[in-house]
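K.L.:
I have a structure I would like to understand better, so I am pasting it below and will then ask my questions one at a time.
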Amino acid sequence: MRDLEKVQARYLRDQWPVRLGNLASNLLRLGNWVQMRHSDEAIVELIRESAWFIEWTVNDTPTDIMAELADLQRELCLWRRIWPQEAVRHVLVFRARRMSEQVLRLSGLLTA
């Protein structure tokens with residue numbers, strides 16, 4: 001992964017709704033990369049980065065959002081541990097896109 005401290009410093013400049021918007025974008029990118037068959041290393045790094053985004057954001061979010069983010073982070077960590085799994089590639093594409101939609105909804109950016 002790129003310099004984690006620099007990525008974190010840049011990510012934390014924004015308010016939590018924007019951070020969640022960035023996370024949603026990352027998750028959508030993940031689904032696209034899996035579908036386009038990017039390298040497994042790149043996919044694992046994107047999964048890892050997305051999990052870090054949640055870690056860095058969760059304490060700044062309202063309590064009702066924390067549990068959902070924790071569940072998403074747990075799922076991402078499981079995907080990272082088992083990837084690559086050709087037989088479930090389509091499942092990760094689906095899940096990454098659904099997680100992206102969920103995070104975007106949680107951000108409130110669509111209703112603002």
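Residue numbering restarts at 1 in every chain; chains get A, B, ... in the order shown in the structure tokens, and ligands count up from 1 in that same order.
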Find the residues of region 4-92 of chain A that sit at most 6 Å from region 100-104 of chain A; for each, write down the nearest two atoms and how far apart they are in Å, to one decimal. Count only C-alpha atoms. Sort by chain, then by number going up, and give it as JSON lines.
P.N.:
{"residue": "A:Gly21", "atom": "CA", "partner": "A:Leu104", "partner_atom": "CA", "distance": 5.7}
{"residue": "A:Ala24", "atom": "CA", "partner": "A:Ser100", "partner_atom": "CA", "distance": 4.2}
{"residue": "A:Leu27", "atom": "CA", "partner": "A:Ser100", "partner_atom": "CA", "distance": 5.1}
{"residue": "A:Leu28", "atom": "CA", "partner": "A:Ser100", "partner_atom": "CA", "distance": 5.6}
K.L.:
I need the residues in region 9-111 of chain A that are helix (DSSP H, G or I) according to DSSP; give them as an NGL selection string.
P.N.:
:A and (9-11 or 16-36 or 40-60 or 63-82 or 86-107)
